[in-house]
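Below is upload_24.tsv, which holds TSV, C-alpha atoms.
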chain	number	residue	atom	x	y	z
A	1	SER	CA	-21.97	-16.51	200.65
A	2	ASP	CA	-20.11	-14.60	197.91
A	3	GLN	CA	-17.13	-14.26	200.27
A	4	PHE	CA	-16.86	-17.95	201.15
A	5	PRO	CA	-13.18	-19.09	200.95
A	6	MET	CA	-12.31	-20.65	197.56
A	7	ARG	CA	-15.96	-20.20	196.50
A	8	ASP	CA	-15.37	-20.38	192.73
A	9	GLY	CA	-13.28	-23.54	193.04
A	10	TRP	CA	-15.90	-25.31	195.12
A	11	ILE	CA	-18.67	-24.32	192.69
A	12	THR	CA	-16.61	-25.56	189.73
A	13	ALA	CA	-15.92	-28.89	191.45
A	14	LYS	CA	-19.62	-29.31	192.27
A	15	THR	CA	-20.70	-28.45	188.72
A	16	ILE	CA	-18.20	-30.81	187.04
A	17	THR	CA	-19.13	-33.66	189.40
A	18	GLU	CA	-22.84	-33.22	188.73
A	19	ARG	CA	-22.31	-32.87	184.98
A	20	LEU	CA	-20.35	-36.12	184.95
A	21	SER	CA	-23.27	-37.77	186.69
A	22	GLY	CA	-25.51	-36.68	183.81
A	23	LYS	CA	-27.34	-33.74	185.36
A	24	THR	CA	-28.59	-31.10	182.92
A	25	GLU	CA	-29.87	-28.66	185.57
A	26	ILE	CA	-27.56	-27.35	188.28
A	27	SER	CA	-28.22	-24.41	190.62
A	28	ASN	CA	-31.37	-23.53	188.64
A	29	VAL	CA	-29.38	-23.33	185.40
A	30	TYR	CA	-30.06	-25.54	182.38
A	31	PHE	CA	-27.13	-26.82	180.33
A	32	CYS	CA	-28.51	-26.45	176.83
A	33	LYS	CA	-27.69	-27.07	173.20
A	34	ASP	CA	-25.01	-25.00	171.46
A	35	GLY	CA	-23.29	-24.19	174.75
A	36	TYR	CA	-26.12	-22.07	176.18
A	37	LEU	CA	-26.50	-21.76	179.94
A	38	ILE	CA	-30.12	-20.73	180.46
A	39	ASP	CA	-31.73	-19.71	183.75
A	40	ALA	CA	-34.64	-22.00	184.55
A	41	PHE	CA	-38.04	-20.32	184.73
A	42	THR	CA	-40.29	-22.90	186.36
A	43	SER	CA	-42.30	-20.83	188.83
A	44	TYR	CA	-43.18	-17.28	189.81
A	45	ASP	CA	-45.12	-15.45	192.51
A	46	LYS	CA	-48.57	-15.09	190.93
A	47	THR	CA	-49.76	-12.69	193.62
A	48	GLN	CA	-46.74	-10.43	193.16
A	49	PHE	CA	-47.08	-10.51	189.38
A	50	SER	CA	-50.76	-9.56	189.59
A	51	THR	CA	-49.89	-6.74	192.01
A	52	ASN	CA	-47.22	-5.45	189.63
A	53	VAL	CA	-49.63	-5.49	186.70
A	54	GLN	CA	-52.33	-3.65	188.66
A	55	SER	CA	-49.77	-1.03	189.67
A	56	LEU	CA	-48.93	-0.52	186.01
A	57	VAL	CA	-52.63	-0.25	185.16
A	58	LYS	CA	-53.04	2.42	187.85
A	59	LEU	CA	-50.02	4.32	186.54
A	60	SER	CA	-51.22	4.01	182.95
A	61	ASN	CA	-54.67	5.36	183.80
A	62	ALA	CA	-53.21	8.28	185.74
A	63	LEU	CA	-50.91	9.23	182.87
A	64	LYS	CA	-53.64	8.86	180.26
A	65	ALA	CA	-55.75	11.32	182.27
A	66	ASP	CA	-52.96	13.84	181.67
A	67	GLY	CA	-52.70	12.96	177.99
A	68	ILE	CA	-49.49	10.94	178.38
A	69	PRO	CA	-49.49	7.55	176.65
A	70	ILE	CA	-47.71	4.57	178.20
A	71	GLN	CA	-46.77	1.21	176.71
A	72	VAL	CA	-45.44	-1.84	178.49
A	73	MET	CA	-42.85	-4.17	176.97
A	74	LEU	CA	-42.50	-7.49	178.76
A	75	VAL	CA	-39.35	-9.09	177.40
A	76	PRO	CA	-39.27	-12.91	177.56
A	77	THR	CA	-36.23	-14.73	178.85
A	78	ALA	CA	-34.15	-17.12	176.79
A	79	ALA	CA	-35.96	-20.05	178.43
A	80	HIS	CA	-39.07	-19.14	176.43
A	81	ILE	CA	-37.64	-17.99	173.11
A	82	LEU	CA	-34.89	-20.62	172.99
A	83	SER	CA	-37.01	-23.42	174.48
A	84	ASP	CA	-35.91	-25.76	171.69
A	85	LYS	CA	-32.40	-25.64	173.16
A	86	LEU	CA	-33.50	-26.74	176.65
A	87	PRO	CA	-32.82	-30.29	177.85
A	88	ALA	CA	-35.54	-32.83	177.01
A	89	TYR	CA	-38.58	-32.63	179.29
A	90	ALA	CA	-37.20	-29.59	181.15
A	91	PRO	CA	-40.00	-27.81	183.08
A	92	ASN	CA	-40.63	-24.39	181.57
A	93	ILE	CA	-43.35	-21.77	182.05
A	94	ASP	CA	-45.22	-20.37	179.04
A	95	GLN	CA	-44.21	-16.75	179.50
A	96	LYS	CA	-46.51	-15.55	176.73
A	97	ALA	CA	-49.43	-16.25	179.08
A	98	LEU	CA	-48.03	-13.51	181.34
A	99	LEU	CA	-48.12	-11.08	178.42
A	100	GLU	CA	-51.70	-12.08	177.62
A	101	TYR	CA	-52.72	-11.51	181.25
A	102	ALA	CA	-51.16	-8.04	181.29
A	103	LYS	CA	-52.94	-7.24	178.03
A	104	SER	CA	-56.27	-8.52	179.38
A	105	GLN	CA	-56.00	-6.07	182.29
A	106	GLY	CA	-56.08	-3.14	179.86
A	107	LEU	CA	-52.38	-2.42	179.44
A	108	ASP	CA	-51.11	-1.26	176.07
A	109	THR	CA	-48.46	-3.92	175.52
A	110	VAL	CA	-45.77	-4.27	172.87
A	111	ASN	CA	-45.53	-7.87	171.73
A	112	VAL	CA	-41.85	-8.74	171.26
A	113	PHE	CA	-42.41	-12.48	171.75
A	114	ASP	CA	-43.20	-13.09	168.08
A	115	THR	CA	-40.40	-10.82	166.88
A	116	LEU	CA	-37.77	-12.54	169.00
A	117	SER	CA	-39.10	-15.97	168.07
A	118	ASN	CA	-38.70	-15.09	164.40
A	119	HIS	CA	-35.01	-14.39	165.06
A	120	LYS	CA	-34.30	-17.16	167.57
A	121	ASP	CA	-31.58	-18.64	165.35
A	122	GLU	CA	-29.60	-15.41	165.61
A	123	TYR	CA	-27.38	-14.25	168.48
A	124	ILE	CA	-30.13	-12.45	170.40
A	125	TYR	CA	-29.38	-13.82	173.90
A	126	TYR	CA	-26.04	-14.23	175.58
A	127	LYS	CA	-24.97	-17.81	176.19
A	128	THR	CA	-23.77	-17.14	179.74
A	129	ASP	CA	-26.04	-14.31	180.89
A	130	HIS	CA	-29.79	-13.74	181.32
A	131	HIS	CA	-29.89	-10.54	179.24
A	132	PHE	CA	-30.57	-10.23	175.56
A	133	THR	CA	-27.74	-9.03	173.34
A	134	SER	CA	-27.65	-5.67	171.60
A	135	LEU	CA	-29.05	-7.45	168.53
A	136	GLY	CA	-31.98	-8.72	170.58
A	137	ALA	CA	-32.54	-5.19	171.87
A	138	TYR	CA	-32.58	-3.91	168.28
A	139	TYR	CA	-35.34	-6.32	167.29
A	140	CYS	CA	-37.40	-5.23	170.33
A	141	HIS	CA	-36.85	-1.61	169.29
A	142	ALA	CA	-38.08	-2.48	165.79
A	143	ALA	CA	-41.19	-4.12	167.28
A	144	TRP	CA	-41.88	-1.01	169.36
A	145	MET	CA	-41.50	1.22	166.29
A	146	HIS	CA	-43.95	-1.03	164.43
A	147	SER	CA	-46.45	-0.61	167.29
A	148	GLN	CA	-46.19	3.14	166.70
A	149	GLY	CA	-47.00	2.71	163.01
A	150	LYS	CA	-43.40	3.43	162.08
A	151	THR	CA	-40.55	1.45	160.58
A	152	ALA	CA	-37.23	1.09	162.34
A	153	GLN	CA	-34.11	1.91	160.42
A	154	PRO	CA	-32.30	-1.20	159.19
A	155	LEU	CA	-29.46	-2.53	161.29
A	156	SER	CA	-27.10	-1.46	158.53
A	157	ALA	CA	-27.80	2.16	159.53
A	158	TRP	CA	-25.52	1.62	162.52
A	159	GLN	CA	-21.85	0.82	162.76
A	160	SER	CA	-21.04	-2.15	164.97
A	161	GLN	CA	-18.08	-2.52	167.29
A	162	ALA	CA	-17.14	-5.55	169.39
A	163	LEU	CA	-16.38	-4.22	172.86
A	164	CYS	CA	-15.07	-7.57	174.12
A	165	ASP	CA	-15.12	-11.23	173.13
A	166	ASN	CA	-14.41	-12.84	176.50
A	167	PHE	CA	-17.55	-11.99	178.47
A	168	ARG	CA	-19.13	-14.45	180.90
A	169	GLY	CA	-22.23	-13.29	182.71
A	170	THR	CA	-24.25	-13.92	185.86
A	171	THR	CA	-25.68	-17.24	184.69
A	172	TYR	CA	-22.14	-18.54	184.27
A	173	ASN	CA	-21.27	-17.34	187.77
A	174	LYS	CA	-23.97	-19.59	189.23
A	175	VAL	CA	-22.20	-22.72	187.96
A	176	ASN	CA	-18.64	-21.56	187.18
A	177	TYR	CA	-18.39	-24.17	184.43
A	178	PRO	CA	-14.91	-23.96	182.83
A	179	LEU	CA	-16.11	-25.37	179.50
A	180	ALA	CA	-18.74	-22.66	179.05
A	181	PRO	CA	-18.25	-20.51	175.95
A	182	TYR	CA	-17.30	-16.85	175.99
A	183	ASP	CA	-19.77	-14.24	174.80
A	184	THR	CA	-19.12	-11.21	172.63
A	185	ILE	CA	-20.57	-7.81	173.56
A	186	THR	CA	-21.27	-5.70	170.49
A	187	ALA	CA	-22.23	-2.03	170.48
A	188	TYR	CA	-24.01	-0.24	167.65
A	189	TYR	CA	-23.34	3.42	166.86
A	190	LYS	CA	-24.50	5.93	164.29
A	191	THR	CA	-20.95	7.25	164.55
A	192	LEU	CA	-17.91	5.88	166.35
A	193	ASP	CA	-17.08	9.41	167.49
A	194	HIS	CA	-19.15	10.19	170.56
A	195	LYS	CA	-19.03	11.84	173.96
A	196	VAL	CA	-20.43	10.50	177.22
A	197	SER	CA	-21.09	12.86	180.12
A	198	TYR	CA	-21.53	11.47	183.63
A	199	ASN	CA	-23.18	13.18	186.59
A	200	GLY	CA	-24.06	16.35	184.75
A	201	GLY	CA	-20.60	16.88	183.35
A	202	ASP	CA	-18.47	15.83	186.33
A	203	TYR	CA	-16.76	13.27	184.12
A	204	VAL	CA	-16.66	13.33	180.31
A	205	THR	CA	-15.18	10.63	178.11
A	206	ASN	CA	-15.26	9.44	174.51
A	207	SER	CA	-16.03	5.84	175.55
A	208	ILE	CA	-18.91	4.01	177.15
Rewrite the structure from the file as structure tokens, please.
Amino acid sequence: SDQFPMRDGWITAKTITERLSGKTEISNVYFCKDGYLIDAFTSYDKTQFSTNVQSLVKLSNALKADGIPIQVMLVPTAAHILSDKLPAYAPNIDQKALLEYAKSQGLDTVNVFDTLSNHKDEYIYYKTDHHFTSLGAYYCHAAWMHSQGKTAQPLSAWQSQALCDNFRGTTYNKVNYPLAPYDTITAYYKTLDHKVSYNGGDYVTNSI
């Protein structure tokens, strides 16, 4: 289906037509406040989720027997943290219940739901992609450090660099909406001078 002739043009035409008709959900994507395109999370395979959790419990127990601790971080999607941006009455699963289930099965979980919720007014999720931004990742790192009884270094300890300001992600590609905003990808470094080695040294560069 990705190779269908004039695919992007047909998707754009479909999206614009449905938006003009008043639709706020197209191709499982919500058109939200502040320009956000957020993947709908209205259902999941309960059996598969339970199986995944039990597999993690089995792995955790095996590692603990060898003295190796394991923690599980379930990161919520934008649909949960930015639920106030969703269209009115949009169906939406309470993802925190999934965290509570994993915790009830004996997993050592890191709760990043509260941390991300406390920073929901910041740029912690991309507007056109399902991933969190580097800033969102930092706050999850800080929550993990707190779970270890430690304090994360402040964000000011890193230098920031905008890698691009015209990014549109996979959520955008589902609807190909020409009025969607562009996202900025920002990297954080302790130093801007660095070396990246690929494949055990086959290729070395000073850029990621």
Expressed in Å, the length from atom CA of His80 of chain A to atom CA of Ala13 of chain A is 29.3 Å
Pairwise distance for atom CA of Leu82 of chain A and atom CA of Asn118 of chain A, rounded to one decimal in Å:
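Straight-line distance from atom CA of Leu82 of chain A to atom CA of Asn118 of chain A works out to 10.9 Å.
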Of the candidates A:Phe49, A:Tyr44, A:Tyr203, A:Tyr36, which one gets nearest to Ala78 of chain A if we count only C-alpha atoms?
A:Tyr36
Among the residues A:Tyr138, A:Tyr177, A:Tyr189, A:Tyr125, the one that comes closest to Trp10 of chain A [using only C-alpha atoms]:
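Checking each of A:Tyr138, A:Tyr177, A:Tyr189, A:Tyr125 against Trp10 of chain A, counting only C-alpha atoms, the winner is A:Tyr177.
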Using all atoms listed in the file, which protein or nucleic acid residues come within 10 Å of Asp108 of chain A? Drop anything in the same chain fewer than 5 positions from it, and give the result as an mmCIF file with C-alpha atoms, in the frame of the given file.
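Saved the output as selection_1.cif:
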data_model
loop_
_atom_site.group_PDB
_atom_site.id
_atom_site.type_symbol
_atom_site.label_atom_id
_atom_site.label_comp_id
_atom_site.auth_asym_id
_atom_site.auth_seq_id
_atom_site.Cartn_x
_atom_site.Cartn_y
_atom_site.Cartn_z
ATOM 1 C CA VAL A 57 -52.630 -0.250 185.160
ATOM 2 C CA SER A 60 -51.220 4.010 182.950
ATOM 3 C CA PRO A 69 -49.490 7.550 176.650
ATOM 4 C CA ILE A 70 -47.710 4.570 178.200
ATOM 5 C CA GLN A 71 -46.770 1.210 176.710
ATOM 6 C CA VAL A 72 -45.440 -1.840 178.490
ATOM 7 C CA MET A 73 -42.850 -4.170 176.970
ATOM 8 C CA ALA A 102 -51.160 -8.040 181.290
ATOM 9 C CA LYS A 103 -52.940 -7.240 178.030
ATOM 10 C CA SER A 147 -46.450 -0.610 167.290
#
If I take atom CA of Ala152 of chain A and atom CA of Gln95 of chain A, how far is one from the other in Å, to one decimal?
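Computing it gives 25.7 Å between the two atoms.
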Taking all atoms listed in the file into account, name the residue in A:Lys33, A:Lys58, A:Lys64, A:Lys96 that is nearest to Pro181 of chain A.
A:Lys33
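Each of A:Thr77, A:Ser21, A:Gln48, A:Gln161 was checked against Ile93 of chain A using only C-alpha atoms; the smallest atom-to-atom distance is that of A:Thr77.
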May I have the centre and edge lengths, in Å to one decimal, of an axis-aligned box around the listed atoms of segment 96-110 of chain A with 6 Å added to every side, as AutoDock Vina command-line options?
--center_x -51.0 --center_y -8.8 --center_z 177.6 --size_x 22.5 --size_y 27.0 --size_z 21.4
Quick one: everything within 12 Å of His131 of chain A, counting all atoms listed in the file, minus sequence neighbours fewer than 4 positions away in the same chain. Send it as an MDAnalysis selection string.
chainID A and resid 37:39 75:79 123:127 135:137 168:171 183 185
Which is closest to Asn173 of chain A among A:Thr17, A:Glu100, A:Ser55, A:Asp129, if we use all atoms listed in the file?
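Closest to Asn173 of chain A, using all atoms listed in the file: A:Asp129.
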Considering all atoms listed in the file, can you say which of A:Thr42, A:Val196, A:Asp66, A:Lys174 comes closest to His130 of chain A?
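Checking each of A:Thr42, A:Val196, A:Asp66, A:Lys174 against His130 of chain A, counting all atoms listed in the file, the winner is A:Lys174.
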Can you pull out every residue within 10 Å of Gln153 of chain A, counting all atoms listed in the file, but drop anything in the same chain fewer than 4 positions away, and send it as a list in words?
Tyr138, His141, Ala142, Met145, Ala157 and Trp158 of chain A
What's the 8 Å shell around Ile81 of chain A, counting all atoms listed in the file, without same-chain residues fewer than 6 positions away, as a PDB file with C-alpha atoms, keeping the file's coordinate frame?
ATOM      1  CA  PHE A 113     -42.410 -12.480 171.750  1.00  0.00           C
ATOM      2  CA  LEU A 116     -37.770 -12.540 169.000  1.00  0.00           C
ATOM      3  CA  SER A 117     -39.100 -15.970 168.070  1.00  0.00           C
ATOM      4  CA  LYS A 120     -34.300 -17.160 167.570  1.00  0.00           C
TER       5      LYS A 120
END
